[in-house]
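Next up, structure29.tsv (TSV, N, CA and C atoms):
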```
chain	number	residue	atom	x	y	z
A	1	MET	N	-190.96	-146.52	35.96
A	1	MET	CA	-190.90	-147.86	36.46
A	1	MET	C	-191.69	-147.92	37.77
A	2	ASP	N	-192.67	-148.85	37.86
A	2	ASP	CA	-193.44	-148.97	39.09
A	2	ASP	C	-192.80	-150.00	40.02
A	3	ALA	N	-193.38	-150.19	41.20
A	3	ALA	CA	-192.80	-151.06	42.22
A	3	ALA	C	-192.70	-152.51	41.73
A	4	THR	N	-193.66	-152.96	40.91
A	4	THR	CA	-193.62	-154.31	40.39
A	4	THR	C	-192.42	-154.50	39.48
A	5	ASP	N	-192.17	-153.53	38.62
A	5	ASP	CA	-191.02	-153.61	37.73
A	5	ASP	C	-189.72	-153.60	38.52
A	6	ALA	N	-189.63	-152.76	39.55
A	6	ALA	CA	-188.41	-152.66	40.36
A	6	ALA	C	-188.13	-153.97	41.08
A	7	ALA	N	-189.18	-154.66	41.53
A	7	ALA	CA	-189.01	-155.92	42.25
A	7	ALA	C	-188.47	-157.02	41.34
A	8	SER	N	-188.73	-156.93	40.05
A	8	SER	CA	-188.26	-157.96	39.13
A	8	SER	C	-186.89	-157.65	38.55
A	9	GLU	N	-186.39	-156.47	38.79
A	9	GLU	CA	-185.07	-156.09	38.29
A	9	GLU	C	-183.99	-156.80	39.10
A	10	PRO	N	-182.87	-157.18	38.49
A	10	PRO	CA	-181.79	-157.81	39.25
A	10	PRO	C	-181.11	-156.80	40.17
A	11	ARG	N	-180.70	-157.29	41.33
A	11	ARG	CA	-179.93	-156.44	42.25
A	11	ARG	C	-178.46	-156.61	41.93
A	12	TRP	N	-177.70	-155.59	42.15
A	12	TRP	CA	-176.27	-155.62	41.87
A	12	TRP	C	-175.49	-155.69	43.17
A	13	LEU	N	-174.41	-156.45	43.17
A	13	LEU	CA	-173.53	-156.59	44.32
A	13	LEU	C	-172.22	-155.87	44.05
A	14	ILE	N	-171.66	-155.28	45.06
A	14	ILE	CA	-170.35	-154.65	44.96
A	14	ILE	C	-169.37	-155.52	45.73
A	15	HIS	N	-168.42	-156.10	45.02
A	15	HIS	CA	-167.40	-156.92	45.67
A	15	HIS	C	-166.23	-155.99	45.99
A	16	LEU	N	-165.93	-155.87	47.26
A	16	LEU	CA	-164.95	-154.90	47.73
A	16	LEU	C	-163.76	-155.64	48.37
A	17	PRO	N	-162.76	-155.98	47.58
A	17	PRO	CA	-161.60	-156.69	48.14
A	17	PRO	C	-160.86	-155.82	49.16
A	18	THR	N	-160.25	-156.48	50.12
A	18	THR	CA	-159.46	-155.77	51.14
A	18	THR	C	-158.07	-156.40	51.21
A	19	THR	N	-157.21	-155.80	51.99
A	19	THR	CA	-155.89	-156.36	52.25
A	19	THR	C	-155.87	-157.08	53.60
A	20	LEU	N	-157.02	-157.20	54.24
A	20	LEU	CA	-157.11	-157.83	55.56
A	20	LEU	C	-156.91	-159.34	55.44
A	21	THR	N	-156.31	-159.94	56.45
A	21	THR	CA	-155.99	-161.37	56.40
A	21	THR	C	-156.68	-162.18	57.50
A	22	ARG	N	-157.48	-161.53	58.33
A	22	ARG	CA	-158.18	-162.24	59.41
A	22	ARG	C	-159.67	-161.94	59.34
A	23	LEU	N	-160.49	-162.97	59.60
A	23	LEU	CA	-161.94	-162.81	59.58
A	23	LEU	C	-162.39	-161.75	60.56
A	24	VAL	N	-161.81	-161.70	61.75
A	24	VAL	CA	-162.22	-160.72	62.76
A	24	VAL	C	-161.97	-159.29	62.26
A	25	GLU	N	-160.89	-159.08	61.53
A	25	GLU	CA	-160.60	-157.75	60.98
A	25	GLU	C	-161.59	-157.39	59.88
A	26	ALA	N	-161.90	-158.34	59.02
A	26	ALA	CA	-162.86	-158.09	57.94
A	26	ALA	C	-164.25	-157.82	58.51
A	27	THR	N	-164.61	-158.54	59.58
A	27	THR	CA	-165.89	-158.31	60.23
A	27	THR	C	-165.92	-156.91	60.84
A	28	ALA	N	-164.84	-156.51	61.48
A	28	ALA	CA	-164.78	-155.16	62.07
A	28	ALA	C	-164.92	-154.09	60.99
A	29	LEU	N	-164.34	-154.30	59.83
A	29	LEU	CA	-164.49	-153.34	58.73
A	29	LEU	C	-165.93	-153.29	58.26
A	30	ALA	N	-166.58	-154.45	58.14
A	30	ALA	CA	-167.99	-154.48	57.73
A	30	ALA	C	-168.86	-153.72	58.74
A	31	VAL	N	-168.58	-153.90	60.02
A	31	VAL	CA	-169.32	-153.18	61.07
A	31	VAL	C	-169.09	-151.68	60.94
A	32	ALA	N	-167.84	-151.28	60.72
A	32	ALA	CA	-167.53	-149.85	60.58
A	32	ALA	C	-168.23	-149.25	59.36
A	33	LEU	N	-168.27	-150.00	58.26
A	33	LEU	CA	-168.98	-149.51	57.07
A	33	LEU	C	-170.47	-149.37	57.34
A	34	ARG	N	-171.05	-150.35	58.04
A	34	ARG	CA	-172.48	-150.26	58.37
A	34	ARG	C	-172.74	-149.07	59.28
A	35	ASP	N	-171.87	-148.87	60.26
A	35	ASP	CA	-172.04	-147.75	61.20
A	35	ASP	C	-171.95	-146.40	60.48
A	36	SER	N	-171.05	-146.29	59.53
A	36	SER	CA	-170.85	-144.99	58.87
A	36	SER	C	-171.76	-144.79	57.66
A	37	LEU	N	-172.22	-145.85	57.04
A	37	LEU	CA	-173.04	-145.72	55.82
A	37	LEU	C	-174.44	-146.28	55.99
A	38	GLY	N	-174.84	-146.58	57.21
A	38	GLY	CA	-176.14	-147.17	57.47
A	38	GLY	C	-177.31	-146.33	56.99
A	39	HIS	N	-177.11	-145.04	56.83
A	39	HIS	CA	-178.17	-144.14	56.36
A	39	HIS	C	-178.41	-144.24	54.85
A	40	VAL	N	-177.53	-144.91	54.12
A	40	VAL	CA	-177.67	-145.05	52.67
A	40	VAL	C	-178.62	-146.20	52.39
A	41	THR	N	-179.83	-145.88	51.96
A	41	THR	CA	-180.87	-146.90	51.80
A	41	THR	C	-180.60	-147.86	50.64
A	42	ALA	N	-179.71	-147.53	49.74
A	42	ALA	CA	-179.40	-148.41	48.62
A	42	ALA	C	-178.50	-149.58	49.03
A	43	ILE	N	-177.95	-149.53	50.25
A	43	ILE	CA	-177.07	-150.60	50.72
A	43	ILE	C	-177.83	-151.49	51.68
A	44	ASP	N	-177.84	-152.80	51.41
A	44	ASP	CA	-178.52	-153.77	52.26
A	44	ASP	C	-177.47	-154.46	53.14
A	45	PHE	N	-177.11	-153.82	54.24
A	45	PHE	CA	-176.07	-154.36	55.10
A	45	PHE	C	-176.45	-155.68	55.73
A	46	GLY	N	-177.74	-155.95	55.89
A	46	GLY	CA	-178.18	-157.21	56.48
A	46	GLY	C	-177.75	-158.41	55.68
A	47	GLU	N	-177.53	-158.24	54.41
A	47	GLU	CA	-177.12	-159.34	53.53
A	47	GLU	C	-175.61	-159.43	53.38
A	48	THR	N	-174.86	-158.69	54.17
A	48	THR	CA	-173.40	-158.68	54.04
A	48	THR	C	-172.82	-160.05	54.36
A	49	THR	N	-171.94	-160.52	53.49
A	49	THR	CA	-171.19	-161.75	53.72
A	49	THR	C	-169.72	-161.48	53.46
A	50	LEU	N	-168.88	-162.33	54.02
A	50	LEU	CA	-167.44	-162.26	53.79
A	50	LEU	C	-166.97	-163.58	53.20
A	51	SER	N	-165.92	-163.53	52.40
A	51	SER	CA	-165.33	-164.75	51.86
A	51	SER	C	-163.83	-164.55	51.68
A	52	GLU	N	-163.11	-165.65	51.71
A	52	GLU	CA	-161.68	-165.59	51.43
A	52	GLU	C	-161.50	-165.30	49.94
A	53	GLU	N	-160.44	-164.63	49.61
A	53	GLU	CA	-160.20	-164.21	48.23
A	53	GLU	C	-160.25	-165.38	47.24
A	54	ASP	N	-159.64	-166.50	47.58
A	54	ASP	CA	-159.58	-167.63	46.67
A	54	ASP	C	-160.69	-168.66	46.91
A	55	ARG	N	-161.62	-168.33	47.81
A	55	ARG	CA	-162.76	-169.22	48.09
A	55	ARG	C	-164.03	-168.39	48.18
A	56	GLN	N	-164.30	-167.61	47.16
A	56	GLN	CA	-165.41	-166.68	47.19
A	56	GLN	C	-166.77	-167.37	47.22
A	57	PHE	N	-166.82	-168.64	46.89
A	57	PHE	CA	-168.08	-169.38	46.93
A	57	PHE	C	-168.43	-169.82	48.35
A	58	VAL	N	-167.50	-169.71	49.30
A	58	VAL	CA	-167.75	-170.02	50.71
A	58	VAL	C	-167.91	-168.70	51.43
A	59	ARG	N	-169.14	-168.40	51.81
A	59	ARG	CA	-169.44	-167.09	52.39
A	59	ARG	C	-169.82	-167.20	53.86
A	60	THR	N	-169.37	-166.21	54.63
A	60	THR	CA	-169.68	-166.11	56.05
A	60	THR	C	-170.63	-164.94	56.26
A	61	ARG	N	-171.83	-165.23	56.76
A	61	ARG	CA	-172.81	-164.18	57.03
A	61	ARG	C	-172.39	-163.40	58.27
A	62	ILE	N	-172.57	-162.08	58.24
A	62	ILE	CA	-172.16	-161.23	59.35
A	62	ILE	C	-173.29	-161.00	60.35
A	63	TRP	N	-174.48	-160.64	59.85
A	63	TRP	CA	-175.59	-160.31	60.73
A	63	TRP	C	-176.73	-161.30	60.56
A	64	CYS	N	-177.54	-161.43	61.61
A	64	CYS	CA	-178.70	-162.33	61.62
A	64	CYS	C	-179.69	-161.94	60.52
A	65	ASP	N	-180.14	-160.69	60.52
A	65	ASP	CA	-181.02	-160.13	59.52
A	65	ASP	C	-182.42	-160.75	59.48
A	66	ALA	N	-182.82	-161.46	60.54
A	66	ALA	CA	-184.18	-162.01	60.59
A	66	ALA	C	-185.20	-160.88	60.62
A	67	ARG	N	-186.34	-161.11	60.03
A	67	ARG	CA	-187.40	-160.09	60.01
A	67	ARG	C	-187.98	-159.91	61.41
A	68	LEU	N	-188.18	-158.64	61.78
A	68	LEU	CA	-188.79	-158.27	63.05
A	68	LEU	C	-190.09	-157.53	62.75
A	69	PRO	N	-190.97	-157.37	63.74
A	69	PRO	CA	-192.20	-156.62	63.52
A	69	PRO	C	-191.90	-155.21	63.00
A	70	GLY	N	-192.78	-154.72	62.15
A	70	GLY	CA	-192.62	-153.37	61.62
A	70	GLY	C	-191.63	-153.31	60.47
A	71	ASP	N	-191.36	-154.44	59.83
A	71	ASP	CA	-190.46	-154.52	58.67
A	71	ASP	C	-189.01	-154.20	59.02
A	72	ALA	N	-188.65	-154.31	60.30
A	72	ALA	CA	-187.26	-154.12	60.71
A	72	ALA	C	-186.53	-155.46	60.58
A	73	ARG	N	-185.23	-155.42	60.73
A	73	ARG	CA	-184.40	-156.62	60.67
A	73	ARG	C	-183.50	-156.69	61.89
A	74	CYS	N	-183.18	-157.89	62.33
A	74	CYS	CA	-182.31	-158.08	63.49
A	74	CYS	C	-180.88	-157.70	63.12
A	75	PRO	N	-180.29	-156.74	63.87
A	75	PRO	CA	-178.93	-156.31	63.58
A	75	PRO	C	-177.86	-157.08	64.36
A	76	ARG	N	-178.30	-158.08	65.11
A	76	ARG	CA	-177.35	-158.83	65.94
A	76	ARG	C	-176.49	-159.74	65.06
A	77	PRO	N	-175.38	-160.23	65.58
A	77	PRO	CA	-174.51	-161.09	64.78
A	77	PRO	C	-175.22	-162.38	64.34
A	78	ALA	N	-174.81	-162.92	63.22
A	78	ALA	CA	-175.34	-164.20	62.76
A	78	ALA	C	-175.08	-165.25	63.84
A	79	ASP	N	-175.99	-166.21	63.99
A	79	ASP	CA	-175.86	-167.29	64.97
A	79	ASP	C	-175.77	-166.78	66.41
A	80	HIS	N	-176.43	-165.64	66.69
A	80	HIS	CA	-176.40	-165.09	68.05
A	80	HIS	C	-177.22	-165.96	69.00
A	81	ASP	N	-176.92	-165.85	70.28
A	81	ASP	CA	-177.70	-166.52	71.31
A	81	ASP	C	-178.88	-165.64	71.67
A	82	GLY	N	-179.95	-166.26	72.11
A	82	GLY	CA	-181.11	-165.50	72.56
A	82	GLY	C	-181.96	-165.01	71.43
A	83	ALA	N	-182.98	-164.26	71.81
A	83	ALA	CA	-183.95	-163.77	70.84
A	83	ALA	C	-183.38	-162.64	70.00
A	84	CYS	N	-183.96	-162.51	68.82
A	84	CYS	CA	-183.60	-161.39	67.95
A	84	CYS	C	-184.10	-160.10	68.58
A	85	GLY	N	-183.47	-159.00	68.25
A	85	GLY	CA	-183.89	-157.71	68.78
A	85	GLY	C	-183.39	-156.58	67.90
A	86	ARG	N	-183.74	-155.39	68.29
A	86	ARG	CA	-183.33	-154.21	67.51
A	86	ARG	C	-181.98	-153.84	67.94
```
Show me the file's structure as structure tokens.
Amino acid sequence: MDATDAASEPRWLIHLPTTLTRLVEATALAVALRDSLGHVTAIDFGETTLSEEDRQFVRTRIWCDARLPGDARCPRPADHDGACGR
């Protein structure tokens, strides 16, 4: 499979339910997962969103993820103040 074929393949999402009941706790877990598994290139943490169990169609973005020079992405929180940065 070449790069063109890989780009047209569907990406898969892993829905990971938790027992957490507060957005701040779920966000802290997402941060901890990114900190501990950030080296795994198959995981796109920049696209991480959270949703309530019974309202999964309403998603809260965790990180800004705007493109930066050099193909990097902004790791700051979504809706942050000021300029994007590393």
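Of the listed residues (A:Arg86, A:Leu50, A:Pro10, A:Leu23), A:Arg86 comes nearest to Leu68 of chain A; the distances count all atoms listed in the file.
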Using DSSP assignments from the backbone, pull out every residue in chain A that falls under helix (DSSP H, G or I) and give it to me as a PyMOL selection string. chain A and resi 3-8+23-37+45-47+69-71
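For the pair atom N of Cys74 of chain A and atom CA of Gly46 of chain A, the interatomic distance is 7.7 Å.
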So which residues touch Cys64 of chain A within 7 Å, counting only C-alpha atoms, skipping near sequence neighbours fewer than 5 positions away, as a list in words? Cys74, Pro75, Arg76, Pro77, Ala78 and Asp79 of chain A
Per DSSP on the backbone, what are the strand (DSSP E) residues of segment 2-84 of chain A, as an MDAnalysis selection string? chainID A and resid 49:52 55:61 67:68 72:73
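Interatomic distance, atom CA of Cys84 of chain A against atom CA of Asp71 of chain A: 13.4 Å.
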Work out how far apart atom C of His15 of chain A and atom CA of Asp65 of chain A are and give it in Å to one decimal.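 Those two atoms sit 20.5 Å apart.
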As lines of an AutoDock Vina configuration file, what would the box around segment 31-43 of chain A look like: edges along x, y and z, 4 Å added on every side, centre and edge lengths in Å to one decimal?
```
center_x = -174.2
center_y = -149.0
center_z = 54.9
size_x = 21.3
size_y = 17.8
size_z = 20.6
```
Among the residues A:Gly82, A:Val31, A:Leu37, A:Glu53, the one that comes closest to Thr18 of chain A [using all atoms listed in the file]: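 Closest to Thr18 of chain A of all the choices is A:Glu53.
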Please write C-alpha atoms of chain A, from the structure given just now, as a CSV table (one decimal), in the first residue's frame.
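Below is the file that was written, selection23.csv:
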```csv
chain,number,residue,atom,x,y,z
A,1,MET,CA,0.0,0.0,0.0
A,2,ASP,CA,1.5,3.4,-1.0
A,3,ALA,CA,0.9,6.8,0.6
A,4,THR,CA,-1.9,7.6,-1.7
A,5,ASP,CA,-3.8,4.4,-0.8
A,6,ALA,CA,-3.2,5.0,2.9
A,7,ALA,CA,-4.6,8.6,2.7
A,8,SER,CA,-7.9,7.3,1.2
A,9,GLU,CA,-8.3,4.6,3.8
A,10,PRO,CA,-10.8,5.4,6.6
A,11,ARG,CA,-9.4,6.2,10.0
A,12,TRP,CA,-10.7,4.4,13.1
A,13,LEU,CA,-11.7,6.0,16.3
A,14,ILE,CA,-11.5,4.3,19.7
A,15,HIS,CA,-14.3,5.4,22.0
A,16,LEU,CA,-13.1,5.0,25.6
A,17,PRO,CA,-15.9,5.4,28.1
A,18,THR,CA,-14.9,6.4,31.7
A,19,THR,CA,-16.6,6.5,35.0
A,20,LEU,CA,-15.8,10.2,35.4
A,21,THR,CA,-18.6,12.7,35.9
A,22,ARG,CA,-17.0,16.1,35.5
A,23,LEU,CA,-15.5,17.6,32.3
A,24,VAL,CA,-12.4,18.8,34.2
A,25,GLU,CA,-11.7,15.2,35.3
A,26,ALA,CA,-12.2,13.9,31.8
A,27,THR,CA,-9.9,16.6,30.4
A,28,ALA,CA,-7.2,15.7,33.0
A,29,LEU,CA,-7.4,12.1,32.0
A,30,ALA,CA,-7.0,13.0,28.3
A,31,VAL,CA,-4.0,15.1,29.2
A,32,ALA,CA,-2.5,12.2,31.2
A,33,LEU,CA,-3.0,9.9,28.3
A,34,ARG,CA,-1.4,12.3,25.9
A,35,ASP,CA,1.6,12.8,28.3
A,36,SER,CA,2.1,9.0,28.7
A,37,LEU,CA,1.3,7.8,25.2
A,38,GLY,CA,2.4,10.9,23.1
A,39,HIS,CA,5.2,8.8,21.6
A,40,VAL,CA,2.7,6.5,19.9
A,41,THR,CA,2.5,7.9,16.4
A,42,ALA,CA,-0.8,6.0,15.6
A,43,ILE,CA,-2.7,8.2,18.1
A,44,ASP,CA,-3.7,11.6,17.0
A,45,PHE,CA,-4.2,13.4,20.3
A,46,GLY,CA,-4.7,16.8,18.6
A,47,GLU,CA,-8.1,15.5,17.5
A,48,THR,CA,-9.2,14.4,21.0
A,49,THR,CA,-12.7,15.4,21.9
A,50,LEU,CA,-14.9,14.6,24.9
A,51,SER,CA,-18.7,14.1,25.1
A,52,GLU,CA,-21.2,13.2,27.7
A,53,GLU,CA,-22.3,9.5,27.6
A,54,ASP,CA,-25.9,10.2,26.5
A,55,ARG,CA,-24.9,13.2,24.2
A,56,GLN,CA,-22.1,11.8,22.2
A,57,PHE,CA,-23.0,14.0,19.2
A,58,VAL,CA,-22.0,17.1,21.3
A,59,ARG,CA,-18.3,17.1,21.4
A,60,THR,CA,-15.8,19.3,23.3
A,61,ARG,CA,-12.4,19.8,21.7
A,62,ILE,CA,-9.5,19.5,24.1
A,63,TRP,CA,-6.5,21.0,22.2
A,64,CYS,CA,-6.2,23.8,19.6
A,65,ASP,CA,-4.3,21.6,17.2
A,66,ALA,CA,-3.8,24.5,14.7
A,67,ARG,CA,-1.0,23.8,12.2
A,68,LEU,CA,2.4,25.4,13.0
A,69,PRO,CA,5.5,25.8,10.8
A,70,GLY,CA,7.4,22.5,10.2
A,71,ASP,CA,4.2,20.4,10.2
A,72,ALA,CA,3.8,20.7,14.0
A,73,ARG,CA,0.5,21.3,15.8
A,74,CYS,CA,-0.4,23.7,18.6
A,75,PRO,CA,-0.7,21.7,21.9
A,76,ARG,CA,-2.3,24.5,23.8
A,77,PRO,CA,-5.9,24.2,25.0
A,78,ALA,CA,-8.8,24.8,22.6
A,79,ASP,CA,-9.9,28.4,22.6
A,80,HIS,CA,-6.7,29.6,24.2
A,81,ASP,CA,-5.8,33.2,24.5
A,82,GLY,CA,-2.8,34.6,22.5
A,83,ALA,CA,-0.8,33.1,19.7
A,84,CYS,CA,-0.4,29.4,19.1
A,85,GLY,CA,2.9,27.9,20.1
A,86,ARG,CA,4.8,24.7,20.7
```
